[in-house]
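Coordinates as given in target-v5.cif (mmCIF, C-alpha atoms):
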data_target
loop_
_atom_site.label_atom_id
_atom_site.label_comp_id
_atom_site.auth_asym_id
_atom_site.auth_seq_id
_atom_site.Cartn_x
_atom_site.Cartn_y
_atom_site.Cartn_z
CA MET U 1 -27.42 -2.26 -3.84
CA PRO U 2 -25.37 0.98 -3.67
CA PHE U 3 -26.19 2.71 -6.97
CA LEU U 4 -29.83 3.72 -7.19
CA SER U 5 -29.58 6.15 -10.10
CA VAL U 6 -27.20 8.40 -12.03
CA ALA U 7 -28.11 11.72 -13.64
CA PHE U 8 -26.05 13.19 -16.49
CA ASN U 9 -25.43 16.59 -18.01
CA SER U 10 -23.19 16.98 -21.08
CA PHE U 11 -21.44 13.70 -20.26
CA ARG U 12 -19.90 12.19 -23.42
CA ASN U 13 -22.72 10.96 -25.71
CA ILE U 14 -25.10 10.14 -22.85
CA SER U 15 -28.54 11.77 -22.82
CA ASP U 16 -29.11 14.51 -20.26
CA ASP U 17 -31.33 12.32 -18.15
CA ALA U 18 -31.27 10.00 -15.12
CA ILE U 19 -31.06 6.22 -15.34
CA ASP U 20 -32.62 3.89 -12.76
CA LEU U 21 -29.98 1.45 -11.45
CA SER U 22 -31.87 0.00 -8.51
CA SER U 23 -31.17 -3.67 -9.27
CA LYS U 24 -28.64 -6.19 -8.02
CA GLU U 25 -27.37 -6.73 -11.58
CA VAL U 26 -27.60 -4.26 -14.44
CA TYR U 27 -26.68 -5.23 -18.02
CA PHE U 28 -26.07 -2.70 -20.79
CA VAL U 29 -26.56 -4.23 -24.25
CA GLY U 30 -25.68 -2.44 -27.49
CA GLU U 31 -23.35 -2.12 -30.42
CA ASN U 32 -19.90 -0.59 -30.04
CA GLY U 33 -19.81 3.18 -29.74
CA GLN U 34 -23.34 3.55 -28.38
CA GLY U 35 -22.43 4.55 -24.81
CA LYS U 36 -22.15 1.33 -22.78
CA SER U 37 -18.61 2.05 -21.56
CA ASN U 38 -19.54 5.69 -20.96
CA LEU U 39 -22.16 4.55 -18.47
CA LEU U 40 -19.59 2.43 -16.61
CA GLU U 41 -17.18 5.36 -16.68
CA SER U 42 -19.76 7.55 -14.94
CA LEU U 43 -20.05 4.98 -12.12
CA TYR U 44 -16.28 4.81 -11.76
CA ILE U 45 -16.05 8.61 -11.60
CA SER U 46 -18.73 8.61 -8.91
CA SER U 47 -16.70 6.09 -6.93
CA TYR U 48 -13.19 7.51 -7.29
CA GLY U 49 -13.59 11.04 -8.62
CA ALA U 50 -11.58 10.25 -11.75
CA SER U 51 -12.01 8.47 -15.08
CA PHE U 52 -10.38 5.14 -15.93
CA ARG U 53 -10.23 6.15 -19.61
CA THR U 54 -8.59 9.57 -19.69
CA HIS U 55 -6.70 12.11 -17.58
CA ASN U 56 -7.99 14.91 -19.80
CA GLU U 57 -11.31 15.91 -18.25
CA SER U 58 -12.26 18.05 -21.25
CA GLU U 59 -12.50 14.88 -23.37
CA ILE U 60 -15.50 13.81 -21.28
CA ILE U 61 -17.54 16.92 -22.10
CA LYS U 62 -20.19 16.34 -24.76
CA GLN U 63 -19.41 18.05 -28.04
CA GLY U 64 -20.66 21.61 -27.91
CA GLY U 65 -20.94 21.64 -24.11
CA GLY U 66 -18.98 23.78 -21.70
CA PHE U 67 -18.94 21.40 -18.74
CA TYR U 68 -20.04 17.96 -17.60
CA SER U 69 -21.73 16.72 -14.46
CA VAL U 70 -22.57 13.33 -13.01
CA LYS U 71 -24.76 12.97 -9.94
CA SER U 72 -25.17 9.55 -8.35
CA LEU U 73 -27.74 8.49 -5.81
CA PHE U 74 -26.55 5.51 -3.78
CA LYS U 75 -27.24 3.59 -0.61
CA GLU U 76 -24.56 3.43 2.07
CA GLU U 77 -23.82 0.36 4.17
CA SER U 78 -25.90 1.87 6.99
CA GLY U 79 -28.90 2.02 4.66
CA LYS U 80 -28.73 5.80 4.38
CA THR U 81 -29.34 7.26 0.90
CA SER U 82 -26.55 9.61 -0.19
CA THR U 83 -25.33 11.50 -3.24
CA VAL U 84 -22.00 12.05 -4.98
CA SER U 85 -21.81 14.88 -7.48
CA VAL U 86 -18.88 15.49 -9.86
CA VAL U 87 -18.81 18.68 -11.95
CA TYR U 88 -16.04 19.75 -14.32
CA LYS U 89 -16.19 23.31 -15.62
CA ASP U 90 -13.65 25.93 -16.73
CA GLY U 91 -10.75 23.58 -16.05
CA GLN U 92 -11.83 22.92 -12.45
CA LYS U 93 -13.41 19.82 -10.95
CA ARG U 94 -15.68 19.94 -7.93
CA ILE U 95 -16.67 16.78 -6.06
CA GLU U 96 -19.39 16.81 -3.42
CA LYS U 97 -20.80 14.16 -1.15
CA ASN U 98 -24.24 15.02 0.25
CA GLY U 99 -23.65 18.63 -0.80
CA LYS U 100 -20.33 18.95 1.05
CA LYS U 101 -17.21 19.61 -1.02
CA ILE U 102 -14.59 16.87 -0.97
CA GLN U 103 -11.09 18.30 -0.76
CA ASP U 104 -9.21 15.08 -1.56
CA ARG U 105 -10.34 12.14 -3.69
CA LYS U 106 -9.07 9.74 -1.02
CA GLU U 107 -12.10 10.82 1.03
CA LEU U 108 -14.21 8.76 -1.39
CA ILE U 109 -12.38 5.53 -0.52
CA ASN U 110 -14.90 2.93 0.68
CA THR U 111 -17.83 5.19 -0.23
CA ILE U 112 -18.76 3.08 -3.28
CA PRO U 113 -15.91 0.56 -3.66
CA CYS U 114 -15.76 -0.51 -7.31
CA VAL U 115 -13.61 -3.08 -9.09
CA LEU U 116 -13.28 -2.44 -12.80
CA PHE U 117 -12.75 -5.16 -15.42
CA CYS U 118 -11.71 -3.82 -18.84
CA HIS U 119 -9.57 -4.64 -21.89
CA ASP U 120 -6.66 -2.51 -20.67
CA ASP U 121 -6.24 -4.97 -17.79
CA LEU U 122 -4.16 -7.09 -20.17
CA ASP U 123 -1.34 -4.64 -19.36
CA PHE U 124 -1.20 -6.13 -15.88
CA ALA U 125 -0.04 -9.40 -17.44
CA VAL U 126 2.07 -8.26 -20.41
CA GLY U 127 2.62 -4.52 -19.96
CA GLU U 128 5.39 -2.47 -18.41
CA PRO U 129 6.43 -3.10 -14.76
CA GLU U 130 4.77 0.20 -13.83
CA ARG U 131 1.36 -1.24 -14.72
CA ARG U 132 1.79 -4.24 -12.41
CA ARG U 133 2.96 -1.99 -9.59
CA PHE U 134 -0.11 0.13 -10.23
CA PHE U 135 -2.36 -2.91 -9.83
CA ILE U 136 -0.90 -3.83 -6.43
CA ASP U 137 -0.98 -0.19 -5.30
CA GLN U 138 -4.60 0.10 -6.42
CA SER U 139 -5.54 -3.06 -4.51
CA LEU U 140 -4.00 -1.60 -1.35
CA SER U 141 -5.41 1.90 -1.87
CA MET U 142 -8.97 0.58 -2.09
CA TYR U 143 -9.05 0.06 1.67
CA ASP U 144 -5.86 1.53 3.19
CA ILE U 145 -5.91 5.34 3.35
CA LEU U 146 -2.55 5.32 5.15
CA TYR U 147 -1.01 3.60 2.13
CA VAL U 148 -2.35 6.34 -0.14
CA ASP U 149 -0.58 8.93 2.01
CA ILE U 150 2.69 6.98 2.14
CA LEU U 151 2.71 6.44 -1.63
CA ARG U 152 2.01 10.10 -2.35
CA LYS U 153 4.73 11.23 0.06
CA TYR U 154 7.26 8.83 -1.48
CA LYS U 155 6.49 10.11 -4.98
CA ARG U 156 6.93 13.74 -3.87
CA ILE U 157 10.29 12.95 -2.26
CA LEU U 158 11.42 10.96 -5.30
CA LYS U 159 10.46 13.81 -7.63
CA SER U 160 12.51 16.29 -5.60
CA ARG U 161 15.53 13.96 -5.39
CA ASN U 162 15.43 13.32 -9.14
CA ALA U 163 15.19 17.05 -9.87
CA TYR U 164 18.47 17.66 -8.02
CA LEU U 165 20.10 14.66 -9.67
CA LYS U 166 19.25 16.17 -13.06
CA GLU U 167 20.92 19.39 -11.91
CA GLN U 168 23.98 17.33 -10.84
CA ASN U 169 23.50 18.64 -7.30
CA ILE U 170 24.37 15.55 -5.27
CA GLU U 171 24.47 17.41 -1.95
CA MET U 172 20.84 18.47 -2.21
CA ALA U 173 19.78 15.11 -3.66
CA THR U 174 21.32 13.36 -0.65
CA VAL U 175 19.14 15.42 1.70
CA TYR U 176 16.20 13.34 0.49
CA ASP U 177 17.84 9.93 1.07
CA GLY U 178 16.54 9.49 4.62
CA PRO U 179 12.90 10.41 3.88
CA LEU U 180 12.98 8.33 0.67
CA VAL U 181 14.18 5.24 2.52
CA GLN U 182 11.76 5.74 5.41
CA GLU U 183 8.68 5.90 3.19
CA GLY U 184 10.04 3.29 0.78
CA ILE U 185 10.45 0.69 3.53
CA GLU U 186 6.79 1.11 4.49
CA ILE U 187 5.70 0.68 0.86
CA GLN U 188 7.77 -2.51 0.56
CA LYS U 189 6.31 -3.95 3.75
CA LYS U 190 2.74 -3.31 2.68
CA ARG U 191 3.27 -4.60 -0.87
CA LYS U 192 4.93 -7.76 0.45
CA VAL U 193 2.04 -8.58 2.79
CA ALA U 194 -0.56 -7.75 0.15
CA VAL U 195 1.00 -10.02 -2.50
CA LEU U 196 1.31 -12.85 0.04
CA GLN U 197 -2.38 -12.60 0.93
CA PHE U 198 -3.39 -12.03 -2.69
CA ASN U 199 -1.73 -15.25 -3.84
CA ARG U 200 -3.87 -17.38 -1.56
CA ILE U 201 -6.80 -16.31 -3.73
CA PHE U 202 -5.20 -15.92 -7.17
CA THR U 203 -3.41 -19.29 -7.44
CA ASP U 204 -6.53 -21.25 -6.56
CA LEU U 205 -8.74 -19.22 -8.91
CA TYR U 206 -6.34 -19.63 -11.81
CA GLU U 207 -6.32 -23.39 -11.45
CA LYS U 208 -10.12 -23.52 -11.21
CA VAL U 209 -10.57 -21.58 -14.46
CA THR U 210 -7.67 -22.92 -16.53
CA GLY U 211 -6.70 -26.22 -14.95
CA ILE U 212 -3.11 -24.92 -14.61
CA ASP U 213 -1.77 -25.23 -11.07
CA GLY U 214 0.97 -23.36 -9.24
CA VAL U 215 0.69 -19.98 -10.99
CA SER U 216 1.44 -17.16 -8.56
CA VAL U 217 2.22 -13.46 -8.33
CA VAL U 218 5.81 -12.85 -7.21
CA TYR U 219 6.95 -9.61 -5.62
CA GLU U 220 10.59 -8.71 -6.27
CA PRO U 221 11.47 -5.53 -4.35
CA SER U 222 14.23 -3.32 -5.72
CA TRP U 223 15.67 -3.02 -2.21
CA LYS U 224 16.50 -6.43 -0.76
CA SER U 225 16.64 -5.08 2.77
CA GLU U 226 14.32 -3.22 5.12
CA ASP U 227 17.14 -1.92 7.30
CA MET U 228 17.37 1.87 7.26
CA GLN U 229 21.17 2.12 7.48
CA GLU U 230 21.78 -0.59 4.88
CA LEU U 231 19.55 1.21 2.42
CA LEU U 232 21.18 4.58 3.09
CA ASN U 233 24.53 2.94 2.38
CA LEU U 234 23.08 1.48 -0.83
CA LEU U 235 21.94 4.89 -2.04
CA ALA U 236 25.38 6.29 -1.25
CA GLU U 237 27.01 3.50 -3.27
CA LYS U 238 24.72 4.18 -6.23
CA LYS U 239 25.01 7.99 -6.19
CA ASP U 240 27.48 8.11 -9.09
CA LYS U 241 25.23 6.03 -11.33
CA ASP U 242 22.20 8.06 -10.22
CA LEU U 243 24.04 11.25 -11.19
CA ILE U 244 25.00 9.89 -14.59
CA MET U 245 21.43 8.80 -15.34
CA GLY U 246 19.85 11.83 -13.67
CA THR U 247 17.38 9.66 -11.78
CA THR U 248 17.10 7.38 -8.74
CA LEU U 249 17.84 3.84 -9.93
CA SER U 250 16.62 1.91 -6.88
CA GLY U 251 13.57 1.95 -4.65
CA PRO U 252 9.93 0.84 -4.68
CA HIS U 253 9.40 2.70 -7.97
CA ARG U 254 11.68 0.03 -9.48
CA ASP U 255 9.98 -2.98 -7.86
CA ARG U 256 9.03 -5.88 -10.11
CA ILE U 257 5.82 -7.92 -10.04
CA ARG U 258 6.06 -11.17 -12.02
CA PHE U 259 3.97 -14.25 -12.68
CA LYS U 260 5.59 -17.62 -12.14
CA ARG U 261 4.58 -21.24 -12.23
CA GLY U 262 6.72 -22.88 -9.62
CA SER U 263 10.13 -21.27 -10.11
CA GLN U 264 9.70 -20.59 -13.84
CA PRO U 265 8.43 -17.39 -15.52
CA PHE U 266 4.86 -17.99 -16.68
CA ILE U 267 3.81 -15.13 -18.97
CA PRO U 268 6.58 -15.43 -21.63
CA THR U 269 5.46 -18.96 -22.52
CA ALA U 270 1.73 -18.50 -21.89
CA SER U 271 -0.72 -18.45 -24.78
CA THR U 272 -2.69 -15.32 -25.67
CA GLY U 273 -5.76 -16.86 -24.05
CA GLN U 274 -3.87 -17.69 -20.86
CA ARG U 275 -2.56 -14.13 -20.67
CA ARG U 276 -6.05 -12.68 -21.04
CA LEU U 277 -7.32 -15.02 -18.36
CA THR U 278 -4.45 -13.95 -16.11
CA ALA U 279 -5.65 -10.34 -16.33
CA LEU U 280 -9.29 -11.31 -15.81
CA ILE U 281 -8.55 -13.55 -12.83
CA LEU U 282 -6.39 -10.81 -11.31
CA ARG U 283 -9.48 -8.63 -11.17
CA ILE U 284 -11.61 -11.39 -9.66
CA ALA U 285 -8.89 -11.94 -7.08
CA GLN U 286 -8.77 -8.18 -6.40
CA ALA U 287 -12.49 -8.12 -5.69
CA SER U 288 -12.19 -11.25 -3.51
CA TYR U 289 -9.21 -9.77 -1.67
CA TYR U 290 -11.12 -6.57 -0.94
CA ARG U 291 -14.07 -8.62 0.31
CA GLU U 292 -11.81 -10.69 2.56
CA ILE U 293 -9.87 -7.75 4.01
CA THR U 294 -12.78 -5.38 4.64
CA GLY U 295 -15.76 -7.70 4.97
CA LYS U 296 -17.56 -5.45 2.46
CA CYS U 297 -18.95 -6.45 -0.93
CA PRO U 298 -17.64 -4.37 -3.85
CA VAL U 299 -19.46 -3.13 -6.93
CA LEU U 300 -18.21 -4.92 -10.06
CA LEU U 301 -17.94 -3.07 -13.39
CA MET U 302 -17.32 -5.48 -16.30
CA ASP U 303 -16.72 -3.81 -19.66
CA ASP U 304 -16.92 -6.40 -22.49
CA VAL U 305 -14.33 -8.60 -20.77
CA LEU U 306 -16.15 -11.90 -21.49
CA LEU U 307 -16.28 -11.28 -25.24
CA GLU U 308 -13.21 -13.32 -26.21
CA LEU U 309 -13.87 -16.29 -23.93
CA ASP U 310 -15.59 -19.46 -25.08
CA PRO U 311 -19.10 -20.04 -23.62
CA ASP U 312 -17.98 -22.54 -20.98
CA LYS U 313 -15.21 -20.29 -19.68
CA ARG U 314 -17.60 -17.33 -19.58
CA GLN U 315 -20.00 -19.34 -17.46
CA HIS U 316 -17.16 -20.52 -15.22
CA VAL U 317 -15.77 -17.01 -14.74
CA MET U 318 -19.20 -15.63 -13.84
CA SER U 319 -19.71 -18.42 -11.31
CA LEU U 320 -16.41 -17.55 -9.59
CA LEU U 321 -17.18 -13.87 -9.02
CA PRO U 322 -17.06 -13.05 -5.32
CA GLU U 323 -20.13 -11.89 -3.47
CA TYR U 324 -20.87 -8.42 -4.79
CA ASP U 325 -23.06 -5.53 -3.75
CA GLN U 326 -23.95 -4.81 -7.36
CA LEU U 327 -22.83 -6.00 -10.80
CA PHE U 328 -22.73 -3.99 -14.04
CA CYS U 329 -21.88 -5.70 -17.33
CA THR U 330 -21.74 -4.56 -20.95
CA PHE U 331 -22.59 -6.90 -23.82
CA LEU U 332 -22.87 -6.81 -27.59
CA PRO U 333 -26.36 -7.71 -28.90
CA GLY U 334 -25.34 -11.18 -30.09
CA GLU U 335 -23.79 -12.30 -26.80
CA PRO U 336 -25.65 -14.90 -24.71
CA TYR U 337 -26.10 -12.61 -21.73
CA GLU U 338 -29.39 -14.35 -20.92
CA ARG U 339 -27.33 -17.26 -19.59
CA TYR U 340 -26.10 -15.07 -16.73
CA LYS U 341 -29.36 -13.28 -15.94
CA LYS U 342 -31.00 -13.66 -12.56
CA THR U 343 -34.41 -12.66 -11.29
CA THR U 344 -32.73 -9.51 -9.90
CA THR U 345 -31.19 -8.48 -13.25
CA LYS U 346 -32.21 -5.32 -15.10
CA VAL U 347 -31.31 -5.17 -18.82
CA TYR U 348 -31.03 -1.95 -20.82
CA SER U 349 -30.63 -1.59 -24.57
CA ILE U 350 -28.22 1.27 -25.29
CA GLU U 351 -28.33 3.21 -28.55
CA LYS U 352 -26.79 6.62 -29.27
CA GLY U 353 -26.47 7.40 -25.59
CA THR U 354 -30.09 6.61 -24.72
CA TRP U 355 -31.47 3.59 -22.94
CA CYS U 356 -34.57 1.47 -22.98
CA GLU U 357 -35.30 -1.26 -20.45
CA ARG U 358 -35.87 -4.72 -21.92
CA SER U 359 -38.72 -6.79 -20.64
#

Entire entry expressed as structure tokens:
Amino acid sequence: MPFLSVAFNSFRNISDDAIDLSSKEVYFVGENGQGKSNLLESLYISSYGASFRTHNESEIIKQGGGFYSVKSLFKEESGKTSTVSVVYKDGQKRIEKNGKKIQDRKELINTIPCVLFCHDDLDFAVGEPERRRFFIDQSLSMYDILYVDILRKYKRILKSRNAYLKEQNIEMATVYDGPLVQEGIEIQKKRKVAVLQFNRIFTDLYEKVTGIDGVSVVYEPSWKSEDMQELLNLLAEKKDKDLIMGTTLSGPHRDRIRFKRGSQPFIPTASTGQRRLTALILRIAQASYYREITGKCPVLLMDDVLLELDPDKRQHVMSLLPEYDQLFCTFLPGEPYERYKKTTTKVYSIEKGTWCERS
């Protein structure tokens, strides 16, 4: 298993101590507000250098503290034991791997690949288009460093083009048309292939869990072409509207990701339970997709996502999880987590940021 232990200092409500995580499965059991999600957050930060709960690092610092630190001990695929340390102090964050400073968070990709399951995942089914684009981009970024670079470059170009559009400077905005199209075409190509491969997993999983067949993820690119000149002509045709709105109205940042059953939209008529399952199965498919593409087993972080499912569906969902390197789950005290325990499972009771291993 990758995570062997994590040590904390002034991290949310967690005790300044180290927790032993050297088990294939680790369950955190406790009432709400005791620190279960905080523990998962620390693992996510160790994996990606950022929180999944906030962009404001100061929120993570324990009340009365001046900084926070998280230091994880983990085992690499080669069997080598390594460390990742994240320290935030005086408005600056420092990330180190084996004592060497990491300049860019993308350097952590594939170090400890984690797939997070949480309540906010419902946004992937019913939220704004930006959230569904984020999900596909995240799935690609987990293994494709080149995609991370392309996406960042596109966003920088888009920001500059939009700034000139707001100033009504069409001549300068047009300077960015070529670079925008060049990077945008690559994003479209990669998203298209990813969604195609993703659907081979998602559609089958959805039917297995719900009994509903033919549900798929559909990628609808804003640009209907991948020809450079055609897209430059399109931007030229839309320049007047872009100027009026002060923003670029077409491109990968306007792509749509939808769910359909056959040719019909699925989410608008789906029940609340079906929508929640859509989000949950998306994450299972993401973990399976990563496993298939890289041949590596991810770490799964599941934050109270089984709570609203009936017992049979919980059991079914757990049985469909892909092969994982390690599994972390949070549960309320009354949940039947014993049903999912294995001989390799470690269970901790969590109360006021402290932990006690259950026998």

So that I can see what lies close to segment 190-196 of chain U, please list as a count of residues only the residues with an atom at most 10 Å from it, counting all atoms listed in the file and leaving out residues fewer than 3 positions away in the same chain.
24

With distances taken over all atoms listed in the file, which residue among U:Cys356, U:Ile61, U:Val87, U:Ile112 lies nearest Leu4 of chain U?
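Checking each of U:Cys356, U:Ile61, U:Val87, U:Ile112 against Leu4 of chain U, counting all atoms listed in the file, the winner is U:Ile112.
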
Counting all atoms listed in the file, find residues at most 7 Å from (-25.9, -8.0, -28.3) (file frame) and give them as a ChimeraX atom specification.
/U:29-31,331-335

When you draw a straight line from atom CA of Ala50 of chain U to atom CA of Leu309 of chain U, how long is it in Å?
29.3 Å

Considering only C-alpha atoms, state which residue in the set U:Val215, U:Leu300, U:Leu306, U:Leu116 is at the smallest distance from Gln264 of chain U.
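Of U:Val215, U:Leu300, U:Leu306, U:Leu116, the one nearest Gln264 of chain U is U:Val215, counting only C-alpha atoms.
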
Report the residues retrieved by the PyMOL selection byres ((chain U and resi 234-250) around 7) from the displayed file, expressed as a list in words.
Asn162, Leu165, Lys166, Gln168, Ser222, Trp223, Glu230, Leu231, Leu232, Asn233, Gly251 and Arg254 of chain U

Polymer residues at most 12 Å from Ile350 of chain U, all atoms listed in the file, same-chain spacing of 4 or more positions, as JSON, numbers by chain
{"U": [13, 14, 15, 19, 27, 28, 29, 30, 31, 32, 33, 34, 35, 36, 37, 38, 39, 330, 331, 332, 333, 354, 355, 356, 357, 358]}

Which residue is closest to Arg105 of chain U? Choose from U:Met142, U:Val126, U:Val209, U:Val181 and count only C-alpha atoms.
U:Met142

Exercise: Tyr324 of chain U partners within 12 Å, all atoms listed in the file, chain neighbours under 6 positions left out, as a list in words
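Skipping anything fewer than 6 positions along the chain leaves Met1, Pro2, Lys24, Glu25, Ile112, Pro113, Cys114, Val115, Ile284, Ala287, Ser288, Tyr290, Arg291, Glu292, Gly295, Lys296, Cys297, Pro298, Val299, Leu300, Leu301 and Met318 of chain U.
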
Using the file's own x, y and z axes, so that the box edges lie along x, y and z, what centre and edge lengths in Å (one decimal) does a box around every listed atom of segment 287-298 of chain U get when 3 Å is added on each side? Give it as JSON.
{"center_x": -14.1, "center_y": -7.8, "center_z": -0.4, "size_x": 15.7, "size_y": 12.9, "size_z": 16.7}

May I ask for the distance between atom CA of Asn56 of chain U and atom CA of Leu146 of chain U, given in Å to one decimal place?
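Atom-to-atom, atom CA of Asn56 of chain U to atom CA of Leu146 of chain U, that is 27.3 Å.
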
Close residues, Lys62 of chain U itself excluded, 8 Å, only C-alpha atoms, min 4 positions apart in chain, as number ranges by chain
U: 10-13, 67-68

Using the chain letters and numbers from the file, give me the residues hit by the PyMOL selection byres ((chain U and resi 44-49) around 8), as JSON, numbers by chain.
{"U": [40, 41, 42, 43, 50, 51, 52, 70, 71, 72, 84, 85, 86, 95, 105, 106, 108, 109, 111, 112, 113, 114, 116]}
